[in-house]
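Coordinates as given in query.pdb (PDB, C-alpha atoms, pLDDT in the B column):
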```pdb
ATOM      1  CA  MET A   1      92.639 107.992 113.749  1.00 97.00           C
ATOM      2  CA  ARG A   2      94.226 109.801 110.835  1.00 98.00           C
ATOM      3  CA  LEU A   3      95.555 107.181 108.448  1.00 98.00           C
ATOM      4  CA  HIS A   4      98.796 106.960 106.524  1.00 98.00           C
ATOM      5  CA  THR A   5      98.080 107.704 102.854  1.00 98.00           C
ATOM      6  CA  ARG A   6      99.820 107.731  99.494  1.00 98.00           C
ATOM      7  CA  GLU A   7      98.825 110.078  96.688  1.00 98.00           C
ATOM      8  CA  TRP A   8      99.502 110.066  92.972  1.00 98.00           C
ATOM      9  CA  GLY A   9      98.464 112.446  90.193  1.00 97.00           C
ATOM     10  CA  THR A  10      96.947 115.901  90.250  1.00 92.00           C
ATOM     11  CA  GLY A  11      93.681 117.546  89.338  1.00 82.00           C
ATOM     12  CA  ASP A  12      90.131 117.966  90.533  1.00 87.00           C
ATOM     13  CA  ARG A  13      89.020 114.373  89.878  1.00 95.00           C
ATOM     14  CA  VAL A  14      89.646 112.388  93.046  1.00 98.00           C
ATOM     15  CA  ALA A  15      89.623 108.613  93.479  1.00 98.00           C
ATOM     16  CA  VAL A  16      90.031 107.024  96.909  1.00 98.00           C
ATOM     17  CA  LEU A  17      91.140 103.410  97.347  1.00 98.00           C
ATOM     18  CA  VAL A  18      90.666 101.254 100.441  1.00 99.00           C
ATOM     19  CA  HIS A  19      92.446  97.888 100.665  1.00 98.00           C
ATOM     20  CA  GLY A  20      91.401  94.680 102.382  1.00 98.00           C
ATOM     21  CA  LEU A  21      92.660  92.685 105.337  1.00 97.00           C
ATOM     22  CA  MET A  22      96.437  91.949 105.384  1.00 96.00           C
ATOM     23  CA  ALA A  23      97.126  94.398 102.535  1.00 97.00           C
ATOM     24  CA  ASP A  24      97.896  98.127 102.308  1.00 98.00           C
ATOM     25  CA  HIS A  25      98.127 100.843  99.638  1.00 97.00           C
ATOM     26  CA  ARG A  26     100.641  98.734  97.689  1.00 95.00           C
ATOM     27  CA  THR A  27      97.882  96.350  96.599  1.00 95.00           C
ATOM     28  CA  TRP A  28      96.727  98.986  94.070  1.00 96.00           C
ATOM     29  CA  GLN A  29     100.040  99.177  92.197  1.00 93.00           C
ATOM     30  CA  GLU A  30      98.484  98.137  88.871  1.00 94.00           C
ATOM     31  CA  LEU A  31      95.352 100.284  89.218  1.00 98.00           C
ATOM     32  CA  VAL A  32      97.041 103.566  90.151  1.00 98.00           C
ATOM     33  CA  PRO A  33      98.607 104.294  86.728  1.00 97.00           C
ATOM     34  CA  VAL A  34      95.289 103.484  85.047  1.00 97.00           C
ATOM     35  CA  LEU A  35      93.501 106.044  87.197  1.00 98.00           C
ATOM     36  CA  THR A  36      96.153 108.756  86.960  1.00 97.00           C
ATOM     37  CA  GLY A  37      96.161 108.186  83.198  1.00 96.00           C
ATOM     38  CA  ARG A  38      92.466 109.077  83.225  1.00 96.00           C
ATOM     39  CA  GLY A  39      93.099 112.312  85.074  1.00 96.00           C
ATOM     40  CA  TYR A  40      92.476 111.259  88.662  1.00 98.00           C
ATOM     41  CA  ARG A  41      94.305 112.316  91.770  1.00 98.00           C
ATOM     42  CA  VAL A  42      94.468 109.016  93.616  1.00 98.00           C
ATOM     43  CA  VAL A  43      94.429 108.767  97.413  1.00 98.00           C
ATOM     44  CA  ALA A  44      95.080 105.313  98.885  1.00 98.00           C
ATOM     45  CA  VAL A  45      94.931 104.702 102.617  1.00 98.00           C
ATOM     46  CA  ASP A  46      96.512 102.168 104.931  1.00 98.00           C
ATOM     47  CA  LEU A  47      93.774 101.028 107.315  1.00 98.00           C
ATOM     48  CA  ARG A  48      94.599 101.026 111.026  1.00 98.00           C
ATOM     49  CA  GLY A  49      96.828  98.069 111.820  1.00 98.00           C
ATOM     50  CA  HIS A  50      98.089  97.980 108.228  1.00 98.00           C
ATOM     51  CA  GLY A  51     101.024  99.538 106.401  1.00 98.00           C
ATOM     52  CA  GLY A  52     102.209 102.818 107.853  1.00 98.00           C
ATOM     53  CA  SER A  53      99.094 103.504 109.944  1.00 98.00           C
ATOM     54  CA  ALA A  54      98.989 103.225 113.721  1.00 98.00           C
ATOM     55  CA  ARG A  55      97.711 100.253 115.672  1.00 97.00           C
ATOM     56  CA  GLY A  56      94.766 100.409 118.065  1.00 96.00           C
ATOM     57  CA  ALA A  57      91.410  98.836 118.787  1.00 98.00           C
ATOM     58  CA  TYR A  58      89.780  97.101 115.832  1.00 98.00           C
ATOM     59  CA  ALA A  59      86.095  97.151 114.895  1.00 98.00           C
ATOM     60  CA  PRO A  60      84.170  97.867 111.678  1.00 98.00           C
ATOM     61  CA  HIS A  61      82.906 101.265 112.864  1.00 98.00           C
ATOM     62  CA  LEU A  62      86.443 102.329 113.820  1.00 98.00           C
ATOM     63  CA  PHE A  63      87.763 101.532 110.345  1.00 98.00           C
ATOM     64  CA  ALA A  64      84.942 103.681 108.906  1.00 98.00           C
ATOM     65  CA  GLU A  65      85.560 106.562 111.311  1.00 98.00           C
ATOM     66  CA  ASP A  66      89.217 106.584 110.260  1.00 98.00           C
ATOM     67  CA  LEU A  67      88.224 106.964 106.611  1.00 98.00           C
ATOM     68  CA  LEU A  68      86.036 109.945 107.473  1.00 98.00           C
ATOM     69  CA  GLU A  69      88.859 111.542 109.457  1.00 98.00           C
ATOM     70  CA  THR A  70      91.367 111.026 106.640  1.00 98.00           C
ATOM     71  CA  LEU A  71      89.693 111.224 103.216  1.00 98.00           C
ATOM     72  CA  PRO A  72      88.366 114.257 101.335  1.00 96.00           C
ATOM     73  CA  ARG A  73      84.586 114.514 101.114  1.00 97.00           C
ATOM     74  CA  GLY A  74      82.828 114.049  97.812  1.00 98.00           C
ATOM     75  CA  PRO A  75      85.433 112.145  95.748  1.00 98.00           C
ATOM     76  CA  GLU A  76      84.373 111.226  92.260  1.00 98.00           C
ATOM     77  CA  LEU A  77      85.201 107.561  92.838  1.00 98.00           C
ATOM     78  CA  ALA A  78      85.587 105.470  96.002  1.00 98.00           C
ATOM     79  CA  LEU A  79      86.682 101.847  95.680  1.00 99.00           C
ATOM     80  CA  GLY A  80      87.060  99.369  98.524  1.00 98.00           C
ATOM     81  CA  HIS A  81      88.056  95.713  98.572  1.00 98.00           C
ATOM     82  CA  SER A  82      86.844  93.180 101.160  1.00 98.00           C
ATOM     83  CA  LEU A  83      87.355  94.720 104.625  1.00 98.00           C
ATOM     84  CA  GLY A  84      87.956  98.020 102.839  1.00 98.00           C
ATOM     85  CA  ALA A  85      84.549  97.684 101.185  1.00 98.00           C
ATOM     86  CA  LEU A  86      82.985  97.122 104.600  1.00 98.00           C
ATOM     87  CA  ALA A  87      84.636 100.244 106.039  1.00 98.00           C
ATOM     88  CA  LEU A  88      83.765 102.232 102.926  1.00 98.00           C
ATOM     89  CA  ALA A  89      80.074 101.271 103.022  1.00 98.00           C
ATOM     90  CA  LEU A  90      79.815 102.440 106.626  1.00 98.00           C
ATOM     91  CA  ALA A  91      81.510 105.742 105.700  1.00 98.00           C
ATOM     92  CA  VAL A  92      79.697 106.432 102.409  1.00 98.00           C
ATOM     93  CA  PRO A  93      76.628 108.220 103.840  1.00 98.00           C
ATOM     94  CA  GLU A  94      78.954 110.953 105.127  1.00 98.00           C
ATOM     95  CA  LEU A  95      81.825 110.611 102.642  1.00 98.00           C
ATOM     96  CA  ARG A  96      79.374 110.999  99.725  1.00 98.00           C
ATOM     97  CA  PRO A  97      81.405 109.883  96.701  1.00 98.00           C
ATOM     98  CA  GLN A  98      79.788 110.303  93.305  1.00 98.00           C
ATOM     99  CA  ARG A  99      80.336 106.582  92.657  1.00 98.00           C
ATOM    100  CA  ALA A 100      81.198 103.736  95.020  1.00 98.00           C
ATOM    101  CA  VAL A 101      82.640 100.388  93.973  1.00 98.00           C
ATOM    102  CA  TYR A 102      82.648  97.493  96.427  1.00 98.00           C
ATOM    103  CA  SER A 103      84.908  94.662  95.253  1.00 98.00           C
ATOM    104  CA  GLU A 104      84.131  91.381  97.033  1.00 98.00           C
ATOM    105  CA  PRO A 105      82.697  93.249 100.036  1.00 98.00           C
ATOM    106  CA  ALA A 106      83.097  91.621 103.456  1.00 98.00           C
ATOM    107  CA  TRP A 107      79.766  92.963 104.658  1.00 98.00           C
ATOM    108  CA  ARG A 108      79.241  89.571 106.278  1.00 96.00           C
ATOM    109  CA  LEU A 109      82.687  88.814 107.644  1.00 96.00           C
ATOM    110  CA  GLY A 110      81.696  85.220 108.309  1.00 95.00           C
ATOM    111  CA  GLY A 111      80.367  84.718 104.796  1.00 93.00           C
ATOM    112  CA  PRO A 112      76.750  83.893 103.869  1.00 89.00           C
ATOM    113  CA  ASP A 113      76.503  81.097 106.443  1.00 86.00           C
ATOM    114  CA  GLY A 114      78.739  82.669 109.111  1.00 85.00           C
ATOM    115  CA  THR A 115      81.343  79.896 109.037  1.00 89.00           C
ATOM    116  CA  LEU A 116      84.305  81.977 107.827  1.00 93.00           C
ATOM    117  CA  ASP A 117      86.529  83.282 110.616  1.00 96.00           C
ATOM    118  CA  PRO A 118      88.780  86.306 109.989  1.00 96.00           C
ATOM    119  CA  ALA A 119      91.132  84.929 112.628  1.00 96.00           C
ATOM    120  CA  ALA A 120      92.166  82.216 110.154  1.00 94.00           C
ATOM    121  CA  PHE A 121      94.096  84.811 108.151  1.00 93.00           C
ATOM    122  CA  THR A 122      96.704  84.935 110.894  1.00 94.00           C
ATOM    123  CA  LEU A 123      98.066  81.741 109.307  1.00 91.00           C
ATOM    124  CA  PHE A 124      99.472  83.851 106.475  1.00 89.00           C
ATOM    125  CA  LYS A 125     101.348  86.001 108.974  1.00 88.00           C
ATOM    126  CA  ARG A 126     102.940  82.955 110.542  1.00 86.00           C
ATOM    127  CA  ALA A 127     103.577  81.132 107.250  1.00 85.00           C
ATOM    128  CA  PRO A 128     104.077  83.766 104.507  1.00 84.00           C
ATOM    129  CA  ARG A 129     104.901  81.084 101.949  1.00 78.00           C
ATOM    130  CA  LEU A 130     101.177  80.316 101.916  1.00 75.00           C
ATOM    131  CA  LEU A 131     100.609  83.819 100.559  1.00 77.00           C
ATOM    132  CA  ILE A 132     103.355  83.450  97.959  1.00 75.00           C
ATOM    133  CA  ARG A 133     101.684  80.303  96.619  1.00 74.00           C
ATOM    134  CA  SER A 134      98.436  82.241  96.138  1.00 73.00           C
ATOM    135  CA  LEU A 135     100.026  84.961  93.998  1.00 72.00           C
ATOM    136  CA  ARG A 136     100.041  85.064  90.225  1.00 71.00           C
ATOM    137  CA  PRO A 137     102.888  82.891  88.856  1.00 75.00           C
ATOM    138  CA  GLU A 138     103.893  85.544  86.311  1.00 73.00           C
ATOM    139  CA  TRP A 139     104.562  88.161  88.988  1.00 75.00           C
ATOM    140  CA  GLY A 140     108.074  89.543  89.256  1.00 75.00           C
ATOM    141  CA  GLU A 141     110.131  89.922  92.400  1.00 81.00           C
ATOM    142  CA  ARG A 142     108.998  93.518  92.965  1.00 80.00           C
ATOM    143  CA  GLN A 143     105.316  92.619  93.055  1.00 81.00           C
ATOM    144  CA  VAL A 144     105.848  89.617  95.317  1.00 84.00           C
ATOM    145  CA  ALA A 145     108.045  91.726  97.600  1.00 87.00           C
ATOM    146  CA  ALA A 146     105.287  94.351  97.916  1.00 87.00           C
ATOM    147  CA  GLU A 147     102.757  91.735  99.029  1.00 87.00           C
ATOM    148  CA  LEU A 148     105.166  90.253 101.547  1.00 90.00           C
ATOM    149  CA  ALA A 149     106.053  93.705 102.871  1.00 93.00           C
ATOM    150  CA  ALA A 150     102.366  94.490 103.411  1.00 95.00           C
ATOM    151  CA  LEU A 151     101.947  91.184 105.244  1.00 93.00           C
ATOM    152  CA  HIS A 152     104.963  91.978 107.418  1.00 94.00           C
ATOM    153  CA  ASP A 153     103.522  95.385 108.334  1.00 97.00           C
ATOM    154  CA  TRP A 154     100.064  94.008 109.137  1.00 97.00           C
ATOM    155  CA  ASP A 155      98.936  93.675 112.757  1.00 98.00           C
ATOM    156  CA  GLU A 156      97.329  90.233 112.955  1.00 97.00           C
ATOM    157  CA  ARG A 157      95.369  91.333 116.024  1.00 97.00           C
ATOM    158  CA  SER A 158      93.002  93.081 113.612  1.00 98.00           C
ATOM    159  CA  ALA A 159      91.876  89.688 112.290  1.00 97.00           C
ATOM    160  CA  LEU A 160      91.503  88.305 115.797  1.00 97.00           C
ATOM    161  CA  ALA A 161      89.346  91.278 116.809  1.00 98.00           C
ATOM    162  CA  LEU A 162      87.171  91.050 113.697  1.00 97.00           C
ATOM    163  CA  SER A 163      86.362  87.449 114.554  1.00 96.00           C
ATOM    164  CA  ALA A 164      83.856  88.812 117.064  1.00 96.00           C
ATOM    165  CA  TYR A 165      81.883  90.463 114.221  1.00 96.00           C
ATOM    166  CA  ARG A 166      81.681  87.496 111.863  1.00 94.00           C
ATOM    167  CA  ALA A 167      77.974  86.931 112.584  1.00 93.00           C
ATOM    168  CA  THR A 168      77.050  90.607 112.099  1.00 95.00           C
ATOM    169  CA  ASP A 169      75.436  91.598 108.804  1.00 96.00           C
ATOM    170  CA  HIS A 170      76.723  95.014 107.694  1.00 97.00           C
ATOM    171  CA  THR A 171      75.046  94.894 104.265  1.00 97.00           C
ATOM    172  CA  PRO A 172      73.723  98.383 103.441  1.00 98.00           C
ATOM    173  CA  GLU A 173      69.958  98.738 103.434  1.00 97.00           C
ATOM    174  CA  GLN A 174      70.173 100.639 100.168  1.00 97.00           C
ATOM    175  CA  ALA A 175      72.653 102.182  97.763  1.00 98.00           C
ATOM    176  CA  VAL A 176      72.854 105.784  98.991  1.00 96.00           C
ATOM    177  CA  VAL A 177      75.066 106.775  96.045  1.00 98.00           C
ATOM    178  CA  ARG A 178      75.526 105.166  92.643  1.00 98.00           C
ATOM    179  CA  SER A 179      77.065 101.851  93.659  1.00 98.00           C
ATOM    180  CA  LEU A 180      78.593  98.763  92.059  1.00 98.00           C
ATOM    181  CA  VAL A 181      79.243  95.440  93.769  1.00 98.00           C
ATOM    182  CA  GLN A 182      81.908  93.357  92.063  1.00 98.00           C
ATOM    183  CA  ALA A 183      81.842  89.661  92.936  1.00 98.00           C
ATOM    184  CA  ALA A 184      84.113  86.802  92.030  1.00 97.00           C
ATOM    185  CA  GLU A 185      82.486  83.696  90.591  1.00 93.00           C
ATOM    186  CA  PRO A 186      82.516  81.634  92.712  1.00 92.00           C
ATOM    187  CA  SER A 187      82.585  83.891  95.777  1.00 95.00           C
ATOM    188  CA  THR A 188      82.896  82.933  99.442  1.00 92.00           C
ATOM    189  CA  LEU A 189      81.378  86.265 100.541  1.00 95.00           C
ATOM    190  CA  VAL A 190      78.757  87.280  97.974  1.00 96.00           C
ATOM    191  CA  SER A 191      76.283  84.478  97.370  1.00 94.00           C
ATOM    192  CA  GLY A 192      73.810  84.284  94.520  1.00 94.00           C
ATOM    193  CA  ALA A 193      70.956  85.106  96.880  1.00 95.00           C
ATOM    194  CA  MET A 194      72.876  88.104  98.198  1.00 96.00           C
ATOM    195  CA  ARG A 195      73.471  89.373  94.657  1.00 97.00           C
ATOM    196  CA  ALA A 196      69.746  89.261  93.937  1.00 97.00           C
ATOM    197  CA  GLU A 197      68.986  91.091  97.174  1.00 97.00           C
ATOM    198  CA  LEU A 198      71.640  93.746  96.470  1.00 98.00           C
ATOM    199  CA  THR A 199      70.088  94.365  93.067  1.00 98.00           C
ATOM    200  CA  ARG A 200      66.747  94.865  94.785  1.00 98.00           C
ATOM    201  CA  ARG A 201      68.380  97.373  97.129  1.00 98.00           C
ATOM    202  CA  GLY A 202      69.636  99.499  94.239  1.00 98.00           C
ATOM    203  CA  PHE A 203      73.158  98.177  93.666  1.00 98.00           C
ATOM    204  CA  GLU A 204      74.478  97.171  90.290  1.00 98.00           C
ATOM    205  CA  VAL A 205      76.111  93.749  90.606  1.00 98.00           C
ATOM    206  CA  ARG A 206      78.726  92.366  88.233  1.00 98.00           C
ATOM    207  CA  THR A 207      80.475  89.009  88.459  1.00 98.00           C
ATOM    208  CA  VAL A 208      83.988  88.101  87.340  1.00 98.00           C
ATOM    209  CA  PRO A 209      84.129  84.396  86.395  1.00 96.00           C
ATOM    210  CA  ASP A 210      87.030  82.219  87.532  1.00 94.00           C
ATOM    211  CA  ALA A 211      88.374  84.960  89.795  1.00 93.00           C
ATOM    212  CA  THR A 212      89.739  84.830  93.323  1.00 92.00           C
ATOM    213  CA  HIS A 213      88.653  87.019  96.219  1.00 94.00           C
ATOM    214  CA  ALA A 214      91.415  89.507  95.312  1.00 94.00           C
ATOM    215  CA  ILE A 215      90.129  90.175  91.801  1.00 96.00           C
ATOM    216  CA  HIS A 216      92.230  93.324  91.355  1.00 95.00           C
ATOM    217  CA  ARG A 217      95.393  91.463  92.311  1.00 91.00           C
ATOM    218  CA  ASP A 218      94.971  88.108  90.602  1.00 89.00           C
ATOM    219  CA  SER A 219      92.821  88.887  87.533  1.00 93.00           C
ATOM    220  CA  PHE A 220      93.620  92.503  86.794  1.00 94.00           C
ATOM    221  CA  ASP A 221      92.457  92.618  83.164  1.00 96.00           C
ATOM    222  CA  ALA A 222      89.123  91.046  84.104  1.00 97.00           C
ATOM    223  CA  PHE A 223      88.915  93.426  87.072  1.00 98.00           C
ATOM    224  CA  LEU A 224      89.235  96.431  84.745  1.00 98.00           C
ATOM    225  CA  THR A 225      86.764  95.011  82.247  1.00 98.00           C
ATOM    226  CA  SER A 226      84.228  94.562  85.041  1.00 98.00           C
ATOM    227  CA  LEU A 227      84.640  98.253  85.930  1.00 98.00           C
ATOM    228  CA  SER A 228      83.717  99.481  82.454  1.00 97.00           C
ATOM    229  CA  GLY A 229      81.733 102.709  82.790  1.00 97.00           C
ATOM    230  CA  TRP A 230      82.640 103.166  86.451  1.00 98.00           C
ATOM    231  CA  LEU A 231      86.155 104.639  86.319  1.00 95.00           C
TER
END
```
Could you show the structure in this file as structure tokens?
Amino acid sequence: MRLHTREWGTGDRVAVLVHGLMADHRTWQELVPVLTGRGYRVVAVDLRGHGGSARGAYAPHLFAEDLLETLPRGPELALGHSLGALALALAVPELRPQRAVYSEPAWRLGGPDGTLDPAAFTLFKRAPRLLIRSLRPEWGERQVAAELAALHDWDERSALALSAYRATDHTPEQAVVRSLVQAAEPSTLVSGAMRAELTRRGFEVRTVPDATHAIHRDSFDAFLTSLSGWL
């Protein structure tokens, strides 16, 4: 499936951004001007079932295949959050970015002990005020509206379908390109033991203290600091 995309900036440096579950390209609204200011052409996708992209069957390998059908090969930077980090990791061997950043990767959709269920996120679709309460209190109406619009455009069947994969471990066997894993502290997806194992497999791992799962959304300054040397 060819995905709906948004592009900003011009030039030969390319950065691709892949959002997480319930979100879309609008989640990167603070990061885009930072990247274009550094000379990147930024390409942000809407995963299938999200934003302006079509609906369909939902499975980790399908999300990855969509990225390969949509994105240019060999970008300088590829960054994925949560479900987007899962799809990106599966696509990286063929996509071949120079650098890959995985922010709070959902490589184990059920978390370290398999008890998390992606289907639970459908609660936000049915009660959007729950999402509003999780947003930064200093956000203006435009930022809140963008999050609510993404939630409105999200197909909750994607979460229901992903529930079947919550016990599957999609953690890469090794870092096939220069790779950073960014983890919140505490994290429901990236345990301490997993961080040690990822380091052994060739990933650099950085933690962001007192951050939520959506580090880029809720702790943007700390998110950027954690990416020092990677942008």
Result set of the PyMOL selection byres ((chain A and resi 57) around 9) on the coordinates above, as JSON, numbers by chain: {"A": [48, 49, 55, 56, 58, 59, 62, 157, 158, 161]}
If we count only C-alpha atoms and set the cut-off at 9 Å, which residues sit around A:Arg108, ignoring sequence neighbours fewer than 2 positions away in its own chain? Please answer as a PDB file with C-alpha atoms, keeping the file's coordinate frame.
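Ended up saving to around_31.pdb:
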```
ATOM      1  CA  LEU A  86      82.985  97.122 104.600  1.00 98.00           C
ATOM      2  CA  PRO A 105      82.697  93.249 100.036  1.00 98.00           C
ATOM      3  CA  ALA A 106      83.097  91.621 103.456  1.00 98.00           C
ATOM      4  CA  GLY A 110      81.696  85.220 108.309  1.00 95.00           C
ATOM      5  CA  GLY A 111      80.367  84.718 104.796  1.00 93.00           C
ATOM      6  CA  PRO A 112      76.750  83.893 103.869  1.00 89.00           C
ATOM      7  CA  ASP A 113      76.503  81.097 106.443  1.00 86.00           C
ATOM      8  CA  GLY A 114      78.739  82.669 109.111  1.00 85.00           C
ATOM      9  CA  TYR A 165      81.883  90.463 114.221  1.00 96.00           C
ATOM     10  CA  ARG A 166      81.681  87.496 111.863  1.00 94.00           C
ATOM     11  CA  ALA A 167      77.974  86.931 112.584  1.00 93.00           C
ATOM     12  CA  THR A 168      77.050  90.607 112.099  1.00 95.00           C
ATOM     13  CA  ASP A 169      75.436  91.598 108.804  1.00 96.00           C
ATOM     14  CA  HIS A 170      76.723  95.014 107.694  1.00 97.00           C
ATOM     15  CA  THR A 171      75.046  94.894 104.265  1.00 97.00           C
ATOM     16  CA  LEU A 189      81.378  86.265 100.541  1.00 95.00           C
ATOM     17  CA  VAL A 190      78.757  87.280  97.974  1.00 96.00           C
TER      18      VAL A 190
END
```
Separation of atom CA of A:Gln143 from atom CA of A:Pro33 in Å: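 These atoms are spaced 14.9 Å apart.
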The PyMOL selection byres ((chain A and resi 39) around 9) resolved against shown file, as a list in words: Gly9, Thr10, Gly11, Asp12, Arg13, Val14, Leu35, Thr36, Gly37, Arg38, Tyr40 and Arg41 of chain A
Shell of 6 Å around stretch 18-26 of chain A, all atoms listed in the file, local chain residues under 2 positions omitted, as a PyMOL selection string: chain A and resi 28-29+44-46+50-51+80-84+150-151+154
Would you pick out the contacts of A:Ser187 at 8 Å or less, using only C-alpha atoms, so that residues sharing its chain but fewer than 4 positions from it are not included, and give the list as a short mmCIF file (atom, residue, chain, number, x, y, z; two decimals) with C-alpha atoms, in the coordinates of the input?
```cif
data_model
loop_
_atom_site.label_atom_id
_atom_site.label_comp_id
_atom_site.auth_asym_id
_atom_site.auth_seq_id
_atom_site.Cartn_x
_atom_site.Cartn_y
_atom_site.Cartn_z
CA GLU A 104 84.13 91.38 97.03
CA ALA A 183 81.84 89.66 92.94
CA SER A 191 76.28 84.48 97.37
CA THR A 212 89.74 84.83 93.32
CA HIS A 213 88.65 87.02 96.22
#
```
Could you list, as a short mmCIF file (atom, residue, chain, number, x, y, z; two decimals) with C-alpha atoms, in the coordinates of the input, every residue within 12 Å of A:Gly192, counting only C-alpha atoms and ignoring same-chain residues fewer than 6 positions away?
```cif
data_model
loop_
_atom_site.label_atom_id
_atom_site.label_comp_id
_atom_site.auth_asym_id
_atom_site.auth_seq_id
_atom_site.Cartn_x
_atom_site.Cartn_y
_atom_site.Cartn_z
CA PRO A 112 76.75 83.89 103.87
CA ALA A 183 81.84 89.66 92.94
CA ALA A 184 84.11 86.80 92.03
CA GLU A 185 82.49 83.70 90.59
CA PRO A 186 82.52 81.63 92.71
CA LEU A 198 71.64 93.75 96.47
CA THR A 199 70.09 94.36 93.07
CA VAL A 205 76.11 93.75 90.61
CA ARG A 206 78.73 92.37 88.23
CA THR A 207 80.47 89.01 88.46
#
```
Selection: 12 Å around A:Arg96, only C-alpha atoms, excl. self and same-chain fewer than 4 positions, as a list in words: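 Counting only the stated atoms, we get Val16, Leu67, Leu68, Leu71, Pro72, Arg73, Gly74, Pro75, Glu76, Leu77, Ala78, Leu88, Ala89, Leu90, Ala91, Val92, Ala100, Ala175, Val176, Val177, Arg178 and Ser179 of chain A.
Between atom CA of A:Val43 and atom CA of A:Phe203 the interatomic distance comes to 24.1 Å.
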